Amino acid sequence: MDGETQFVLNTFSFLFWGALVMWMCAGFTMLEAGSVRTKNASVVCLKNVGLYAIAGLTFYLVGYNIMFAGVEETGFLGYGANGLERSLLAGDASSAAPVTAHGHSSMSHWFFQMVFVGSTASIVSGTLAERVRLSSFFVFIVVLTAVIYPVVGAWTWGGGWLARMGFQDFAGSTVVHSTGGWAALAGALVVGARSGKFGADGSVKITPPSNVPAVTLGVFIIWLGFLGFNGGSQAALSGVVDALTISNVIVNTNLAASAGVLVAVTFSRQVFGRTDLLAVLNGAIGGLMAITAGPAIVDPYWAIAIGGIGGGVTMIGMKILMLLKIDDEVGAISAHMGAGIWGTLAACIAAGADLVAQTVGIVAIGIFAFGVSIVTWKVIDWTIGARIGPDVEVMGQDVAELGIEAFPEFVPAPED
Amino acid sequence: MDGETQFVLNTFSFLFWGALVMWMCAGFTMLEAGSVRTKNASVVCLKNVGLYAIAGLTFYLVGYNIMFAGVEETGFLGYGANGLERSLLAGDASSAAPVTAHGHSSMSHWFFQMVFVGSTASIVSGTLAERVRLSSFFVFIVVLTAVIYPVVGAWTWGGGWLARMGFQDFAGSTVVHSTGGWAALAGALVVGARSGKFGADGSVKITPPSNVPAVTLGVFIIWLGFLGFNGGSQAALSGVVDALTISNVIVNTNLAASAGVLVAVTFSRQVFGRTDLLAVLNGAIGGLMAITAGPAIVDPYWAIAIGGIGGGVTMIGMKILMLLKIDDEVGAISAHMGAGIWGTLAACIAAGADLVAQTVGIVAIGIFAFGVSIVTWKVIDWTIGARIGPDVEVMGQDVAELGIEAFPEFVPAPED
Amino acid sequence: MDGETQFVLNTFSFLFWGALVMWMCAGFTMLEAGSVRTKNASVVCLKNVGLYAIAGLTFYLVGYNIMFAGVEETGFLGYGANGLERSLLAGDASSAAPVTAHGHSSMSHWFFQMVFVGSTASIVSGTLAERVRLSSFFVFIVVLTAVIYPVVGAWTWGGGWLARMGFQDFAGSTVVHSTGGWAALAGALVVGARSGKFGADGSVKITPPSNVPAVTLGVFIIWLGFLGFNGGSQAALSGVVDALTISNVIVNTNLAASAGVLVAVTFSRQVFGRTDLLAVLNGAIGGLMAITAGPAIVDPYWAIAIGGIGGGVTMIGMKILMLLKIDDEVGAISAHMGAGIWGTLAACIAAGADLVAQTVGIVAIGIFAFGVSIVTWKVIDWTIGARIGPDVEVMGQDVAELGIEAFPEFVPAPED
């Protein structure tokens, strides 16, 4: 395969798999909008469209430059394609050779990185649903996408100290999903639980999904998108080894999610007292998160084991958060952070990662992401207030913050 | 085009088109969840996520090895990529030449085949909605995906006796869709019709879709996915002829579905007494099924004719099943098996298939798929029971089997 | 890259990006079905499946031949692949060289063009929701897809007089979106506003979306599809410059939509008196429309500016239409025609287009599309009647025209 073909295929690969990852934002939206009570579903929609727009803009203006500062990709943002690419597009044929040698279009790399930022922000949205103030959420997302995620990214995929130490995270079990999970956990602690969620007697009020098919559609979208999330993270499609690796990644990703489903179907009755559909759907997500750190393994049996345990970790995490009275509307913390940590460690078993480096990475990123997030949430809370008022919570955010209802034509069942 | 480029493009082709076919499982979920009464919609979601997970695991552990036993693709499953590919990924450069000569990654082939299994299982789910017991359904899906479908596949795409006889089925009018339809028919006979569906006086109780936009979304997803289903079945993207053929396939697939819609819009009033949206949506599906056996034809006029007739066959099939008092919640038997048989025969007209071989294939696969399915369903019925109890049917499977409601916040209209 | 690889990649590019554009039809369906009152949602679904089917058939039989008459692509339709391609598929190896030299499969080009026609028709559907007669709508769509759009296309992308004059419209701000918008405006004038929409006292009755998550899903689908709409309009993927250009196009498209969201989030309170989710979603669409005429610009700052203004133009256009008492159910006229005109002019600033040519193109296409559309709508109105009767409007089109309800199991809130 000649250099030009490699350049075209590498670039197309970023764009194609990136489009699947972009699609995951719709999946998170459906998952969250279907999980909340209908009185808050419109705000969920606005939060998710908004976070994707914010992620795109901040990561263009600021985030990418932080994440890839000092590495070859950088130097172009704020201006468009890098200088050589601009020259070539302007007709300077002498730029063709060095551009081709670069291996892919800088802009395609930006796009693929940007959609990952969107996924990270989606996690926070899901956890904090039904009580975070809309404007405060957007402020936090600016910080998350412009600074927190990019710094974590710089340490790892940007070639920073964790990368040099040998920390391995193929597609982001820790870089993306634990980071999002830590940010969500910090938010959950500052914003607090929904009113009435946890009774003084230790009881937990179950708020079932208000639109189960929407949640299910969301999970199918995320599952599909994850083929791009993990497959595209090979970051090239320019030879036999790339093609083999991506094929393994996609098969393993699918098997891990399947195993997560199977574990949750089999054991959710023991954990939650019923065959719990939401646990099953989160089992799929947990399986996906768990395989993400090392999906390129050549023995898919490991993918089944890792994904199945990921599904179990997610269920147990949901249970633990309930016991700790931490309110996570969609189970995102356990699915993304819990299974993400498990997957980062599991990469030692199946993908030859170094246990020390993995542990240091998990801890360092956890401390950083959680620490900066909790400070940010605290500042937001002290200034504009992180949480909606109790009257808004009763009335629902849709009417109070947007002046509409998500389903204005259906008679709602009385609460409780 | 050099061998490495061919290898990369063939492999990518399996992965890309396969991702579209995976997406069809979300389409079948939406179609079925929107078609049933809301009291059963959550179980529909669980059945569909579960069947896709089961299909992935059983086809990895068992099914693929049955289907491609004795042909070159086999020998790797249970272990990951085949031996040469493992060597190459481990750094043994001497494996590069034979791997490249193989033409595509084995794992990408597995992925593309696996998502077809998911589609087959979805068909059964749709037909049996609202009265099949959840656990019994999963047991049947294990048998279907591990044994029934793979044996049919071995006879045809695995190079078995039907293939040698000249049986042609480009993308699975019979191999996938009739097989699924026969399995669904067997289930419908054993499980029986929903209570009250067929009156003693010959009346048929119409249960309209509970969520029409969800059904419509499902059909759009299936339509999109079918571009991959049929386009990817060229099984290569490594030259001008592949590119031309896939282009023809996609144009014909789209025209056939369009013609199916047109026929249903035009004639549904005659058949069903109204412009029947569900019939129109099934008309699209019938058109897709009909073209699937021979979509590579170079004259698209035939695609319009074949697809249009497919839409008509689907409507007539729905009517016949009603007269026979066979309860098919979503019309899957007529759309998949009826139009699938028509399409397999139509491949004689437009794609030069042999009428004898096609007929033998249709009959042999029908006998096998129906026979093994009915025995399996009978055994399930005698042991754990295929059908939910009458109280569960009244209460709805969601509350009875999962302890949740799909739309807990809307006041449901009283039944009847 | 050799000629065969170029042929394969160019062809695949049309098919892949085209599939994303096909998916937009599902997005428009969700957007419209969620925007109307539930009593009309089923007819919306039928209109949208129907329009896509009609577009496919008429553009195959008639439209494409008008649009590309006199250019190389033509001469094959009604028959399938062009003569050389048919010869090659029939085994005539001597056709291989000239087919390869053509650069891409004719059928893949048809497919990519056809899905654009579907988008154009979707625009009209959205504007006229809740009062256009189903059969009349289909008649208009036949004229739009067989004649109006193809003539506009012939003037521009078909190499006609506007193309020769220097009119630039990379992916169809004017060719697709303004054409659809003009056709919708003509329909809105002839069909008239929904009963009670505009009070004699100047009041406007707000009919909020009946299913907000469905509208949001629709916009995410359209956003995803637009990556294909604009990216695929490079019409080739056969070298470094194509790859760079498509990457720029996709980044700019995404930034423009993000900026449209941001502007609408920021200013919708000023324009509509609340943080208006529908305005925000239309802001994304307005941003997409605005960048579509010149997304290949190498400086993404322009994309942010153009898209942001596009979001603003859309909001202002919605307000103006209300003042003019023109009823546009989904805001399609302002988003597609308004922001489309803005984008066509903006191509002068950022993409070096000629202001005179752009203005002539906007005006000429506007006069033609609006003129033929209004005559067609008038003829339809005089013959079969463009509008449903007042009783149907009260009852809802679903029950009156299709005999079903979109959500038969939920108790509807009483109107007003």
# chains A, B, ... in the order shown; residues from 1 in each chain; ligands from 1
$ select_by_dssp --residues "range 99-287 of chain A" --states "alpha helix (DSSP H)" --output "PyMOL selection string"
chain A and resi 99-102+106-127+134-143+149-155+161-165+179-191+212-231+240-272+277-287
$ residues_around --residues "Gly231 in chain B" --least-positions-apart "6" --cutoff "6 Å" --atoms "only C-alpha atoms" --output "PyMOL selection string"
chain B and resi 246+249-250
$ closest_residue --among "B:Ala335, B:Ala53, B:Ala183, B:Met1" --to "chain A" --atoms "only C-alpha atoms"
B:Ala53
$ interface_residues --of "chain C" --to "chain A" --cutoff "7 Å" --atoms "only C-alpha atoms" --output "mmCIF file with N, CA and C atoms, in the first residue's frame"
data_model
loop_
_atom_site.group_PDB
_atom_site.id
_atom_site.type_symbol
_atom_site.label_atom_id
_atom_site.label_comp_id
_atom_site.auth_asym_id
_atom_site.auth_seq_id
_atom_site.Cartn_x
_atom_site.Cartn_y
_atom_site.Cartn_z
ATOM 1 N N MET C 1 -1.586 6.276 -5.454
ATOM 2 C CA MET C 1 -2.794 5.447 -5.474
ATOM 3 C C MET C 1 -3.168 5.138 -6.921
ATOM 4 N N SER C 210 -45.043 17.542 20.878
ATOM 5 C CA SER C 210 -45.733 16.563 21.722
ATOM 6 C C SER C 210 -44.781 15.510 22.266
ATOM 7 N N ASN C 211 -43.616 15.396 21.663
ATOM 8 C CA ASN C 211 -42.655 14.392 22.111
ATOM 9 C C ASN C 211 -41.244 14.963 21.949
ATOM 10 N N VAL C 212 -40.803 15.640 22.980
ATOM 11 C CA VAL C 212 -39.548 16.384 22.898
ATOM 12 C C VAL C 212 -38.338 15.467 22.667
ATOM 13 N N PRO C 213 -38.228 14.323 23.359
ATOM 14 C CA PRO C 213 -37.068 13.473 23.066
ATOM 15 C C PRO C 213 -37.034 12.995 21.611
ATOM 16 N N THR C 216 -35.536 15.733 19.603
ATOM 17 C CA THR C 216 -34.090 15.811 19.870
ATOM 18 C C THR C 216 -33.347 14.690 19.154
ATOM 19 N N LEU C 217 -33.889 13.499 19.225
ATOM 20 C CA LEU C 217 -33.281 12.393 18.489
ATOM 21 C C LEU C 217 -33.196 12.730 17.007
ATOM 22 N N PHE C 220 -30.291 15.047 16.373
ATOM 23 C CA PHE C 220 -29.011 14.328 16.418
ATOM 24 C C PHE C 220 -28.809 13.512 15.130
ATOM 25 N N LEU C 224 -25.724 14.061 12.544
ATOM 26 C CA LEU C 224 -24.863 12.967 12.078
ATOM 27 C C LEU C 224 -24.928 12.839 10.555
ATOM 28 N N GLY C 239 -7.380 10.663 -2.910
ATOM 29 C CA GLY C 239 -6.064 11.252 -2.798
ATOM 30 C C GLY C 239 -5.958 12.104 -1.547
ATOM 31 N N VAL C 240 -4.767 12.614 -1.323
ATOM 32 C CA VAL C 240 -4.505 13.383 -0.117
ATOM 33 C C VAL C 240 -5.379 14.625 -0.057
ATOM 34 N N VAL C 241 -5.551 15.292 -1.182
ATOM 35 C CA VAL C 241 -6.347 16.525 -1.158
ATOM 36 C C VAL C 241 -7.804 16.227 -0.818
ATOM 37 N N ALA C 243 -8.861 13.770 1.036
ATOM 38 C CA ALA C 243 -8.923 13.434 2.464
ATOM 39 C C ALA C 243 -8.823 14.682 3.325
ATOM 40 N N LEU C 244 -7.936 15.576 2.966
ATOM 41 C CA LEU C 244 -7.807 16.831 3.721
ATOM 42 C C LEU C 244 -9.087 17.647 3.623
ATOM 43 N N SER C 247 -11.946 16.198 5.640
ATOM 44 C CA SER C 247 -11.713 16.423 7.065
ATOM 45 C C SER C 247 -12.072 17.845 7.458
ATOM 46 N N ASN C 248 -11.635 18.806 6.661
ATOM 47 C CA ASN C 248 -12.014 20.192 6.926
ATOM 48 C C ASN C 248 -13.524 20.360 6.894
ATOM 49 N N VAL C 251 -15.117 18.915 10.089
ATOM 50 C CA VAL C 251 -14.845 19.752 11.261
ATOM 51 C C VAL C 251 -15.655 21.041 11.184
ATOM 52 N N LEU C 255 -18.529 22.347 13.759
ATOM 53 C CA LEU C 255 -18.368 23.620 14.469
ATOM 54 C C LEU C 255 -19.525 24.566 14.181
ATOM 55 N N SER C 258 -22.481 23.517 16.185
ATOM 56 C CA SER C 258 -22.245 23.846 17.594
ATOM 57 C C SER C 258 -22.460 25.336 17.842
ATOM 58 N N VAL C 261 -26.105 26.186 17.924
ATOM 59 C CA VAL C 261 -26.682 25.840 19.228
ATOM 60 C C VAL C 261 -26.365 26.921 20.249
ATOM 61 N N ARG C 274 -38.097 32.682 26.438
ATOM 62 C CA ARG C 274 -37.684 31.547 27.275
ATOM 63 C C ARG C 274 -36.505 30.865 26.622
ATOM 64 N N THR C 275 -35.781 30.059 27.408
ATOM 65 C CA THR C 275 -34.745 29.222 26.819
ATOM 66 C C THR C 275 -35.471 28.153 26.013
ATOM 67 N N ASP C 276 -35.573 28.388 24.716
ATOM 68 C CA ASP C 276 -36.495 27.622 23.886
ATOM 69 C C ASP C 276 -35.773 26.438 23.256
ATOM 70 N N LEU C 277 -36.097 25.238 23.726
ATOM 71 C CA LEU C 277 -35.419 24.043 23.239
ATOM 72 C C LEU C 277 -35.603 23.861 21.735
ATOM 73 N N VAL C 298 -10.538 26.454 4.891
ATOM 74 C CA VAL C 298 -9.481 25.933 5.752
ATOM 75 C C VAL C 298 -9.387 26.641 7.096
ATOM 76 N N ASP C 299 -10.132 27.713 7.273
ATOM 77 C CA ASP C 299 -10.076 28.398 8.553
ATOM 78 C C ASP C 299 -11.386 28.210 9.312
ATOM 79 N N PRO C 300 -11.383 27.315 10.283
ATOM 80 C CA PRO C 300 -12.636 26.985 10.975
ATOM 81 C C PRO C 300 -13.249 28.119 11.764
ATOM 82 N N PHE C 410 -52.460 5.729 25.668
ATOM 83 C CA PHE C 410 -52.305 6.776 26.668
ATOM 84 C C PHE C 410 -53.528 7.678 26.646
ATOM 85 N N VAL C 411 -53.927 8.088 27.800
ATOM 86 C CA VAL C 411 -55.042 9.017 27.871
ATOM 87 C C VAL C 411 -54.549 10.396 27.459
ATOM 88 N N PRO C 412 -55.132 10.952 26.414
ATOM 89 C CA PRO C 412 -54.664 12.269 25.974
ATOM 90 C C PRO C 412 -55.230 13.364 26.862
ATOM 91 N N ALA C 413 -54.409 14.365 27.072
ATOM 92 C CA ALA C 413 -54.886 15.551 27.777
ATOM 93 C C ALA C 413 -55.904 16.256 26.881
#
$ atom_distance --atom1 "CA of Ser173 in chain B" --atom2 "CA of Arg37 in chain B"
29.4 Å
$ atom_distance --atom1 "CA of Leu185 in chain B" --atom2 "CA of Trp342 in chain B"
17.0 Å
$ atom_distance --atom1 "CA of Gly63 in chain C" --atom2 "CA of Ala146 in chain C"
4.4 Å
$ residues_around --residues "Thr314 in chain B" --least-positions-apart "4" --cutoff "12 Å" --atoms "only C-alpha atoms" --output "PyMOL selection string"
chain B and resi 260-261+263-264+267-268+271+278-290+307-310+318-321+330-343
$ closest_residue --among "B:Val143, B:Val360, B:Ile123, B:Val265" --to "Leu31 in chain B" --atoms "only C-alpha atoms"
B:Ile123
$ residues_around --residues "Ala171 in chain A" --least-positions-apart "2" --cutoff "12 Å" --atoms "only C-alpha atoms" --output "PyMOL selection string"
chain A and resi 21+112-113+116+153+156-157+168-169+173-178+226-235+246+249-250+253+288-296+340+343-344+347
$ residues_around --residues "range 367-370 of chain B" --least-positions-apart "4" --cutoff "9 Å" --atoms "only C-alpha atoms" --output "list in words"
Leu144, Ile148, Tyr149, Val152, Ser178, Thr179, Gly180, Gly181, Trp182, Ala183, Ala184, Leu185, Ala186, Ile362, Val363, Ile374 and Val375 of chain B
$ write_last_selection --atoms "N, CA and C atoms" --output "short mmCIF file (atom, residue, chain, number, x, y, z; two decimals), in the first residue's frame"
data_model
loop_
_atom_site.label_atom_id
_atom_site.label_comp_id
_atom_site.auth_asym_id
_atom_site.auth_seq_id
_atom_site.Cartn_x
_atom_site.Cartn_y
_atom_site.Cartn_z
N LEU B 144 -31.54 -21.77 18.30
CA LEU B 144 -31.59 -21.18 16.96
C LEU B 144 -30.22 -20.68 16.51
N ILE B 148 -29.62 -24.24 14.68
CA ILE B 148 -30.51 -24.22 13.50
C ILE B 148 -29.94 -23.34 12.39
N TYR B 149 -29.71 -22.06 12.71
CA TYR B 149 -29.17 -21.17 11.70
C TYR B 149 -27.82 -21.65 11.18
N VAL B 152 -28.25 -24.43 8.57
CA VAL B 152 -28.72 -23.85 7.30
C VAL B 152 -27.57 -23.12 6.60
N SER B 178 -36.16 -16.54 5.70
CA SER B 178 -37.11 -17.65 5.79
C SER B 178 -36.80 -18.52 7.00
N THR B 179 -35.54 -18.73 7.27
CA THR B 179 -35.19 -19.52 8.46
C THR B 179 -35.79 -18.89 9.71
N GLY B 180 -35.60 -17.59 9.85
CA GLY B 180 -36.22 -16.90 10.99
C GLY B 180 -37.73 -17.00 10.95
N GLY B 181 -38.29 -16.89 9.76
CA GLY B 181 -39.74 -16.97 9.63
C GLY B 181 -40.29 -18.35 10.00
N TRP B 182 -39.60 -19.40 9.56
CA TRP B 182 -40.04 -20.76 9.91
C TRP B 182 -39.94 -20.98 11.42
N ALA B 183 -38.86 -20.50 12.01
CA ALA B 183 -38.71 -20.65 13.46
C ALA B 183 -39.82 -19.89 14.19
N ALA B 184 -40.17 -18.73 13.64
CA ALA B 184 -41.24 -17.94 14.25
C ALA B 184 -42.59 -18.64 14.09
N LEU B 185 -42.81 -19.23 12.91
CA LEU B 185 -44.08 -19.92 12.66
C LEU B 185 -44.23 -21.10 13.62
N ALA B 186 -43.17 -21.86 13.78
CA ALA B 186 -43.22 -22.99 14.71
C ALA B 186 -43.56 -22.49 16.12
N ILE B 362 -35.41 -23.90 -0.85
CA ILE B 362 -36.52 -23.36 -0.07
C ILE B 362 -37.19 -24.46 0.74
N VAL B 363 -37.46 -25.59 0.07
CA VAL B 363 -38.18 -26.68 0.74
C VAL B 363 -37.31 -27.32 1.82
N ILE B 374 -39.98 -26.69 15.69
CA ILE B 374 -41.21 -27.12 16.37
C ILE B 374 -40.90 -28.14 17.45
N VAL B 375 -39.91 -29.00 17.18
CA VAL B 375 -39.51 -29.94 18.22
C VAL B 375 -38.94 -29.19 19.42
#
$ residues_around --residues "Arg164 in chain B" --least-positions-apart "3" --cutoff "12 Å" --atoms "only C-alpha atoms" --output "VMD selection string"
chain B and resid 154 to 161 167 to 168 357 361
